[in-house]
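Participant: Take a look at this one; I'll ask things after.
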Amino acid sequence: MSTAQQVPDILSSEFAANPYPAYRVMRDTAPLIWHEATRSYLVSRYEDVERVFKDRAGEFTTDNYAWQIEPVHGKTILQLSGREHAVRRALVAPAFRGSDLERKFLPVIERNARELIDAFRHTGSADLVADFATRLPVDVIADMLGLDKGDHDRFHRWYTAVIAFLGNLSGDPEVTAAGERTRVEFAEYMLPIIRDRRRNPGDDLLSALCAAEVDGVRMSDEDVKAFCSLLLAAGGETTDKAIAGIFANLLLHPDQLAAVRADRSLIPRAFAETLRFTPPVHMIMRQSATEVQLSGGTVPAGATVTCLIGAANRDGSRYAHPDRFDIFRDDLTTTTAFSAAADHLAFALGRHFCVGALLAKAEVETGVGQLLDAMPDMRLADGFVPAERGVFTRGPQTLPVCFTPPAGTPPP
């Protein structure tokens, strides 16, 4: 097994600026690294990350979430296993698939996307991150839960603090304290609303979560609050970066942008390839239940394993020309890209596959389609070159574009 000194450190500025060369070195020469600063084993090859996520042999757990996310969310579905996990997932999953998603929430997504675009469609310029990507998923989740979208700035501040806590690999005490404060503030905000929704249910997701029952089990107020916290953070951060990432990738590949503009059925392909090429989440942790042999060495029982999704998704043993963005590649299956049978690893795999994957797909397809309609000649602002930021989660922080506004008088 290799040590972290042989490759650029994941906490270094060099890695933060561009992790992909370091990922290549890891896969090729150091597929299993003990990383002292994070007290975890770094795993970078596709076959190993896939094995950890699918966990067919019961070798890995999510016990790490007790210290990684419980301090900010409370105890969530991610920490559960066995029947307890299956029942909790059955309580929340129906809202994120099939008829409920189509009937209840697709109109919510379409309306929120349209309202955001209306604010800039006559201006000729926009920042796709600040004006759209960071706002759409949070507005949608607030609407789905029946919360006040006027509290958007508060929601955004909370989920930003939570994501910073999860990505606090260097152990900054101020980031830790801010994340822990968020748990308290969110509970003070949500618990009274949850209690009121139990007394006065409506036709919203929060009411459905309060009323849901499987095998005689219902979610407690704390369960509902923790799931809403998780939904806001995970659904906000990842969809935000996915939308920004799709446009950054397409704008840098004008021929592929033109293809998507001409044929909107290619949007799922562009999304799937973005999830592979520039995933919103670069690291997901697990804990070993037993001693496990992986490429490059042995992981002892009870160790934290950091799965480097950004590295595994560019593994040349799995994908041809892995460092090339190509929505037409034939080694990424779009039809399964948003299910637990996905080829890429951006949503994890197995029983803890992201429950909100189809919601994210609906938000991305709707948002990308409406943006292309509103800005048919969209192009990067003069002189701007998109750049990713972040280590734990990663994506463009800004994406200024120009376009020709429609003819006619702008609305008052």
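For the structure tokens, the naming scheme is as follows: chains receive sequential letters (A, B, ...) according to their order of presentation, residues are indexed from 1 within each chain, and ligands are indexed from 1 in presentation order.
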Gly58 in chain A: which residues within 12 Å, counting only C-alpha atoms, same-chain residues fewer than 4 positions away excluded, as a compact mmCIF listing (two decimals) with C-alpha atoms, in the first residue's frame?
Facilitator:
```
# COMPACT_ATOMS: atom_id res chain seq x y z
CA ARG A 51 -17.27 -2.84 -5.01
CA VAL A 52 -17.47 -0.63 -1.92
CA PHE A 53 -20.76 0.95 -3.03
CA LYS A 54 -22.48 -2.25 -4.17
CA THR A 62 -22.33 3.67 6.61
CA SER A 81 -29.18 -0.74 7.50
CA GLY A 82 -31.22 -3.89 7.08
CA ARG A 286 -17.81 4.23 3.97
CA GLN A 287 -16.55 2.17 6.90
CA SER A 288 -15.11 -1.34 6.59
CA ALA A 289 -16.99 -3.98 8.59
CA THR A 290 -14.25 -6.58 8.14
CA GLU A 291 -10.72 -6.72 6.83
CA VAL A 292 -10.97 -6.18 3.06
CA GLY A 350 -26.49 -0.38 -4.21
CA ARG A 351 -28.99 0.05 -1.38
```
Participant: Would you please work out which residue, of A:Val214, A:Ala346, A:Ala66, A:Met190, is nearest to Thr238 in chain A when using only C-alpha atoms?
Facilitator: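 For Thr238 in chain A, the nearest of the given residues is A:Ala346.
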Participant: Please indicate the distance in Å from CA of Arg264 in chain A to CA of Gly367 in chain A, rounded to one decimal place.
Facilitator: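 Between these atoms lies a distance of 11.6 Å.
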Participant: Sorted by chain and rising residue number, list the residues of range 4-57 of chain A at most 10 Å from range 387-408 of chain A (counting only C-alpha atoms), each with its closest atom pair and distance in Å to one decimal, as a Markdown table.
Facilitator:
```
| residue | atom | partner | partner_atom | distance |
| --- | --- | --- | --- | --- |
| A:Ile10 | CA | A:Val391 | CA | 7.7 |
| A:Leu11 | CA | A:Val391 | CA | 8.1 |
| A:Ser12 | CA | A:Val391 | CA | 9.8 |
| A:Ser13 | CA | A:Val391 | CA | 9.9 |
| A:Phe15 | CA | A:Val391 | CA | 7.9 |
| A:Ala16 | CA | A:Val391 | CA | 5.7 |
| A:Ala17 | CA | A:Arg389 | CA | 7.1 |
| A:Asn18 | CA | A:Glu388 | CA | 8.1 |
| A:Pro19 | CA | A:Val391 | CA | 8.1 |
```
Participant: Neighbouring residues of Arg39 in chain A were defined as those with any atom within 12 Å, considering only C-alpha atoms; residues of the same chain fewer than 3 positions away were excluded. Please report them as a CSV table (one decimal) with all heavy atoms, in the first residue's frame.
Facilitator:
```
chain,number,residue,atom,x,y,z
A,4,ALA,N,0.5,8.7,1.3
A,4,ALA,CA,0.1,10.0,0.6
A,4,ALA,C,1.2,10.8,0.0
A,4,ALA,O,1.0,11.6,-0.8
A,4,ALA,CB,-0.8,10.8,1.6
A,33,ILE,N,-4.4,4.3,-0.6
A,33,ILE,CA,-3.5,5.2,0.1
A,33,ILE,C,-4.0,5.4,1.5
A,33,ILE,O,-5.2,5.8,1.7
A,33,ILE,CB,-3.4,6.6,-0.6
A,33,ILE,CG1,-2.7,6.5,-2.0
A,33,ILE,CG2,-2.6,7.6,0.3
A,33,ILE,CD1,-2.8,7.8,-2.8
A,34,TRP,N,-3.1,5.3,2.5
A,34,TRP,CA,-3.5,5.7,3.9
A,34,TRP,C,-3.2,7.2,4.0
A,34,TRP,O,-2.1,7.7,3.8
A,34,TRP,CB,-2.7,5.0,4.9
A,34,TRP,CG,-2.8,5.6,6.3
A,34,TRP,CD1,-1.9,6.2,7.0
A,34,TRP,CD2,-4.0,5.6,7.1
A,34,TRP,NE1,-2.4,6.7,8.2
A,34,TRP,CE2,-3.7,6.3,8.3
A,34,TRP,CE3,-5.3,5.1,6.9
A,34,TRP,CZ2,-4.6,6.5,9.3
A,34,TRP,CZ3,-6.2,5.3,8.0
A,34,TRP,CH2,-5.9,6.0,9.1
A,35,HIS,N,-4.3,8.0,4.2
A,35,HIS,CA,-4.2,9.4,4.3
A,35,HIS,C,-4.3,9.8,5.8
A,35,HIS,O,-5.3,9.8,6.4
A,35,HIS,CB,-5.3,10.1,3.5
A,35,HIS,CG,-5.1,11.6,3.3
A,35,HIS,ND1,-5.9,12.5,4.0
A,35,HIS,CD2,-4.2,12.3,2.6
A,35,HIS,CE1,-5.5,13.7,3.7
A,35,HIS,NE2,-4.5,13.6,2.8
A,36,GLU,N,-3.1,10.2,6.3
A,36,GLU,CA,-3.0,10.5,7.8
A,36,GLU,C,-3.9,11.6,8.2
A,36,GLU,O,-4.6,11.5,9.3
A,36,GLU,CB,-1.6,10.8,8.1
A,36,GLU,CG,-1.3,11.0,9.6
A,36,GLU,CD,-1.6,9.7,10.4
A,36,GLU,OE1,-1.3,8.6,9.9
A,36,GLU,OE2,-2.0,9.9,11.6
A,42,LEU,N,-7.8,6.1,1.0
A,42,LEU,CA,-8.2,6.7,-0.3
A,42,LEU,C,-8.3,5.6,-1.4
A,42,LEU,O,-7.3,4.9,-1.6
A,42,LEU,CB,-7.3,7.8,-0.8
A,42,LEU,CG,-7.0,8.9,0.2
A,42,LEU,CD1,-6.1,10.0,-0.4
A,42,LEU,CD2,-8.3,9.5,0.8
A,64,ASN,N,-19.8,5.5,9.4
A,64,ASN,CA,-19.0,6.7,9.4
A,64,ASN,C,-19.9,7.9,9.5
A,64,ASN,O,-19.5,9.0,9.9
A,64,ASN,CB,-18.2,6.8,8.1
A,64,ASN,CG,-18.9,6.6,6.8
A,64,ASN,OD1,-19.4,5.5,6.6
A,64,ASN,ND2,-19.1,7.7,6.1
A,169,LEU,N,-12.3,18.5,5.4
A,169,LEU,CA,-11.3,17.4,5.6
A,169,LEU,C,-10.1,17.9,6.4
A,169,LEU,O,-9.4,17.0,7.0
A,169,LEU,CB,-10.8,17.0,4.2
A,169,LEU,CG,-11.9,16.5,3.2
A,169,LEU,CD1,-11.2,16.2,1.9
A,169,LEU,CD2,-12.6,15.3,3.8
A,170,SER,N,-9.8,19.2,6.5
A,170,SER,CA,-8.7,19.7,7.3
A,170,SER,C,-9.1,19.9,8.8
A,170,SER,O,-8.2,20.3,9.6
A,170,SER,CB,-8.1,20.9,6.7
A,170,SER,OG,-9.1,22.0,6.6
A,171,GLY,N,-10.4,19.8,9.1
A,171,GLY,CA,-10.8,19.9,10.5
A,171,GLY,C,-10.8,21.4,11.0
A,171,GLY,O,-10.6,21.6,12.2
A,285,MET,N,-17.7,8.6,1.7
A,285,MET,CA,-17.0,7.7,2.7
A,285,MET,C,-17.9,6.5,3.1
A,285,MET,O,-19.1,6.6,3.1
A,285,MET,CB,-16.6,8.5,3.9
A,285,MET,CG,-15.6,9.5,3.6
A,285,MET,SD,-15.1,10.5,5.1
A,285,MET,CE,-13.9,11.6,4.5
A,287,GLN,N,-17.4,2.8,5.8
A,287,GLN,CA,-16.5,2.2,6.9
A,287,GLN,C,-16.5,0.7,6.7
A,287,GLN,O,-17.5,0.0,6.4
A,287,GLN,CB,-17.1,2.5,8.3
A,287,GLN,CG,-16.2,2.0,9.4
A,287,GLN,CD,-16.7,2.6,10.8
A,287,GLN,OE1,-16.9,3.8,10.9
A,287,GLN,NE2,-16.9,1.8,11.8
A,302,GLY,N,-13.1,-1.7,10.5
A,302,GLY,CA,-13.4,-0.5,11.3
A,302,GLY,C,-12.7,0.8,10.8
A,302,GLY,O,-12.8,1.8,11.4
A,303,ALA,N,-12.2,0.7,9.6
A,303,ALA,CA,-11.5,1.9,9.0
A,303,ALA,C,-12.4,2.7,8.1
A,303,ALA,O,-13.4,2.2,7.5
A,303,ALA,CB,-10.3,1.4,8.2
A,304,THR,N,-12.1,4.0,8.0
A,304,THR,CA,-12.9,4.8,7.1
A,304,THR,C,-12.3,4.7,5.7
A,304,THR,O,-11.0,4.8,5.6
A,304,THR,CB,-12.8,6.3,7.5
A,304,THR,OG1,-13.4,6.4,8.8
A,304,THR,CG2,-13.6,7.2,6.6
A,305,VAL,N,-13.1,4.5,4.7
A,305,VAL,CA,-12.7,4.4,3.3
A,305,VAL,C,-13.3,5.6,2.5
A,305,VAL,O,-14.5,5.8,2.5
A,305,VAL,CB,-13.1,3.1,2.7
A,305,VAL,CG1,-12.8,3.0,1.2
A,305,VAL,CG2,-12.6,1.9,3.5
A,306,THR,N,-12.4,6.4,1.9
A,306,THR,CA,-12.8,7.5,1.1
A,306,THR,C,-12.8,7.1,-0.3
A,306,THR,O,-11.8,7.0,-0.9
A,306,THR,CB,-11.9,8.8,1.4
A,306,THR,OG1,-12.0,9.1,2.7
A,306,THR,CG2,-12.4,9.9,0.5
```
Participant: Between A:Ala130, A:Cys210, A:Ala348, A:Ile284, which is the closest to Leu166 in chain A once you count only C-alpha atoms?
Facilitator: A:Ile284
Participant: Interatomic distance between CA of Thr239 in chain A and CA of Ala360 in chain A?
Facilitator: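 Interatomic distance here is 5.9 Å.
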Participant: Point out the residue among A:Gly236, A:Pro31, A:Phe328, A:Ala226 with the least atom-to-atom distance to Glu273 in chain A, counting only C-alpha atoms.
Facilitator: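 Of A:Gly236, A:Pro31, A:Phe328, A:Ala226, the one nearest Glu273 in chain A is A:Phe328, counting only C-alpha atoms.
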Participant: Pick out the residues sitting within 12 Å of Ala126 in chain A, and hand them over as a ChimeraX atom specification; count only C-alpha atoms, and ignore anything fewer than 2 positions along from it in its own chain.
Facilitator: /A:116-124,128-133,371,374-375,378-381,398-405
Participant: Store the residues of this selection in a file with N, CA, C and O atoms, as a tab-separated table (two decimals), in the first residue's frame.
Facilitator:
```
chain	number	residue	atom	x	y	z
A	116	LEU	N	-37.45	31.88	-12.61
A	116	LEU	CA	-36.06	32.31	-12.52
A	116	LEU	C	-35.57	32.89	-13.85
A	116	LEU	O	-34.90	33.92	-13.89
A	117	ILE	N	-35.92	32.22	-14.94
A	117	ILE	CA	-35.47	32.68	-16.26
A	117	ILE	C	-36.15	33.99	-16.63
A	117	ILE	O	-35.55	34.86	-17.28
A	118	ASP	N	-37.39	34.17	-16.21
A	118	ASP	CA	-38.11	35.42	-16.51
A	118	ASP	C	-37.36	36.64	-16.00
A	118	ASP	O	-37.49	37.74	-16.56
A	119	ALA	N	-36.58	36.45	-14.94
A	119	ALA	CA	-35.87	37.59	-14.34
A	119	ALA	C	-34.73	38.08	-15.21
A	119	ALA	O	-34.27	39.21	-15.06
A	120	PHE	N	-34.25	37.22	-16.16
A	120	PHE	CA	-33.11	37.68	-16.98
A	120	PHE	C	-33.28	37.42	-18.48
A	120	PHE	O	-32.42	37.79	-19.26
A	121	ARG	N	-34.39	36.84	-18.89
A	121	ARG	CA	-34.50	36.45	-20.30
A	121	ARG	C	-34.47	37.66	-21.25
A	121	ARG	O	-34.15	37.50	-22.43
A	122	HIS	N	-34.78	38.87	-20.77
A	122	HIS	CA	-34.76	40.05	-21.63
A	122	HIS	C	-33.49	40.89	-21.48
A	122	HIS	O	-33.39	41.96	-22.07
A	123	THR	N	-32.53	40.41	-20.69
A	123	THR	CA	-31.36	41.25	-20.38
A	123	THR	C	-30.18	41.02	-21.32
A	123	THR	O	-29.34	41.90	-21.47
A	124	GLY	N	-30.07	39.84	-21.90
A	124	GLY	CA	-28.95	39.55	-22.78
A	124	GLY	C	-27.74	38.98	-22.06
A	124	GLY	O	-26.74	38.66	-22.70
A	128	LEU	N	-25.24	31.79	-14.92
A	128	LEU	CA	-26.04	30.58	-14.81
A	128	LEU	C	-25.95	29.93	-13.43
A	128	LEU	O	-26.84	29.17	-13.06
A	129	VAL	N	-24.90	30.25	-12.68
A	129	VAL	CA	-24.79	29.73	-11.32
A	129	VAL	C	-25.63	30.58	-10.37
A	129	VAL	O	-26.57	30.09	-9.74
A	130	ALA	N	-25.31	31.86	-10.24
A	130	ALA	CA	-25.97	32.73	-9.26
A	130	ALA	C	-27.44	32.96	-9.59
A	130	ALA	O	-28.29	33.01	-8.69
A	131	ASP	N	-27.75	33.11	-10.89
A	131	ASP	CA	-29.11	33.47	-11.29
A	131	ASP	C	-30.03	32.27	-11.44
A	131	ASP	O	-31.25	32.42	-11.45
A	132	PHE	N	-29.45	31.07	-11.58
A	132	PHE	CA	-30.31	29.92	-11.86
A	132	PHE	C	-29.93	28.66	-11.06
A	132	PHE	O	-30.74	28.15	-10.29
A	133	ALA	N	-28.71	28.15	-11.26
A	133	ALA	CA	-28.36	26.83	-10.74
A	133	ALA	C	-28.45	26.75	-9.21
A	133	ALA	O	-28.92	25.75	-8.67
A	371	LEU	N	-33.62	26.84	-20.41
A	371	LEU	CA	-32.51	27.78	-20.64
A	371	LEU	C	-32.12	27.82	-22.12
A	371	LEU	O	-31.84	28.89	-22.67
A	374	ALA	N	-34.69	29.88	-23.91
A	374	ALA	CA	-34.61	31.31	-23.63
A	374	ALA	C	-33.36	31.95	-24.23
A	374	ALA	O	-33.35	33.15	-24.52
A	375	MET	N	-32.31	31.13	-24.41
A	375	MET	CA	-31.02	31.66	-24.88
A	375	MET	C	-30.50	30.81	-26.03
A	375	MET	O	-29.51	30.08	-25.86
A	378	MET	N	-26.77	31.14	-26.72
A	378	MET	CA	-25.97	31.29	-25.49
A	378	MET	C	-24.49	31.05	-25.76
A	378	MET	O	-24.09	30.12	-26.45
A	379	ARG	N	-23.64	31.91	-25.19
A	379	ARG	CA	-22.19	31.76	-25.32
A	379	ARG	C	-21.54	32.30	-24.04
A	379	ARG	O	-22.13	33.10	-23.33
A	380	LEU	N	-20.35	31.84	-23.78
A	380	LEU	CA	-19.61	32.33	-22.60
A	380	LEU	C	-19.34	33.82	-22.74
A	380	LEU	O	-19.10	34.33	-23.85
A	381	ALA	N	-19.37	34.54	-21.62
A	381	ALA	CA	-19.00	35.95	-21.63
A	381	ALA	C	-17.57	36.09	-22.15
A	381	ALA	O	-16.71	35.21	-21.94
A	398	THR	N	-19.11	30.31	-10.78
A	398	THR	CA	-19.74	31.35	-11.58
A	398	THR	C	-19.69	30.92	-13.04
A	398	THR	O	-18.76	30.22	-13.45
A	399	LEU	N	-20.69	31.31	-13.82
A	399	LEU	CA	-20.72	30.93	-15.22
A	399	LEU	C	-21.47	32.01	-16.01
A	399	LEU	O	-22.63	31.85	-16.39
A	400	PRO	N	-20.80	33.15	-16.26
A	400	PRO	CA	-21.45	34.24	-16.97
A	400	PRO	C	-21.59	33.94	-18.46
A	400	PRO	O	-20.64	33.49	-19.10
A	401	VAL	N	-22.80	34.17	-18.98
A	401	VAL	CA	-23.05	33.93	-20.39
A	401	VAL	C	-23.74	35.15	-21.01
A	401	VAL	O	-24.33	35.98	-20.30
A	402	CYS	N	-23.64	35.24	-22.31
A	402	CYS	CA	-24.32	36.29	-23.08
A	402	CYS	C	-25.25	35.62	-24.09
A	402	CYS	O	-25.02	34.48	-24.48
A	403	PHE	N	-26.28	36.34	-24.50
A	403	PHE	CA	-27.20	35.83	-25.50
A	403	PHE	C	-27.98	37.01	-26.08
A	403	PHE	O	-27.96	38.12	-25.53
A	404	THR	N	-28.63	36.76	-27.19
A	404	THR	CA	-29.45	37.80	-27.82
A	404	THR	C	-30.84	37.75	-27.22
A	404	THR	O	-31.52	36.72	-27.36
A	405	PRO	N	-31.28	38.82	-26.54
A	405	PRO	CA	-32.61	38.78	-25.94
A	405	PRO	C	-33.68	38.81	-27.02
A	405	PRO	O	-33.45	39.26	-28.15
```
Participant: Enter the distance from CA of Val25 in chain A to CA of Pro8 in chain A, in Å, rounded to one decimal.
Facilitator: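 Distance between the two atoms: 8.8 Å.
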Participant: Restricting the calculation to only C-alpha atoms, which member of A:Thr160, A:Asn168, A:Thr29, A:Ser295 is positioned closest to Ala233 in chain A?
Facilitator: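 Once distances to Ala233 in chain A are computed over only C-alpha atoms, the minimum belongs to A:Thr160.
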Participant: Rank A:Glu50, A:Asn112, A:Gly310, A:Arg183 by their smallest atom-to-atom distance to Ala340 in chain A, using only C-alpha atoms, and report the top residue only.
Facilitator: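 Closest residue, counting only C-alpha atoms: A:Glu50.
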Participant: For Phe277 in chain A, which of A:Thr336, A:Gln293, A:Asn313, A:Gln370 is the closest residue, counting only C-alpha atoms?
Facilitator: A:Asn313
Participant: Give me, as a list in words, the residues of range 6-158 of chain A that a backbone DSSP run labels strand (DSSP E).
Facilitator: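 Answer for range 6-158 of chain A restricted to strand (DSSP E) is Leu32, Ile33, Trp34, His35, Ser40, Tyr41, Leu42, Val43, Phe60, Thr61, Ser125, Ala126 and Asp127 of chain A.
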Participant: As a PyMOL selection string, please: every residue in range 80-320 of chain A that a backbone DSSP assignment puts in alpha helix (DSSP H).
Facilitator: chain A and resi 82-92+98-100+106-118+136-145+152-166+173-199+205-211+221-251+254-262+267-277+309-312
Participant: Which residues, written as a VMD selection string, have at least one atom at most 6 Å from range 142-156 of chain A, with only C-alpha atoms counted and residues fewer than 6 positions away on the same chain left out?
Facilitator: chain A and resid 204 to 206
Participant: Show which residues sit within 9 Å of Leu191 in chain A, as a list of chain:residue names. Count only C-alpha atoms, and ignore same-chain residues fewer than 6 positions away.
Facilitator: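 Residues meeting the cut-off are A:Asp221, A:Glu222, A:Val224, A:Lys225.
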Participant: Can you tell me, as a PyMOL selection string, what residues are no more than 7 Å from Thr278 in chain A when counting only C-alpha atoms, ignoring any on the same chain fewer than 3 positions away?
Facilitator: chain A and resi 245+274-275+310
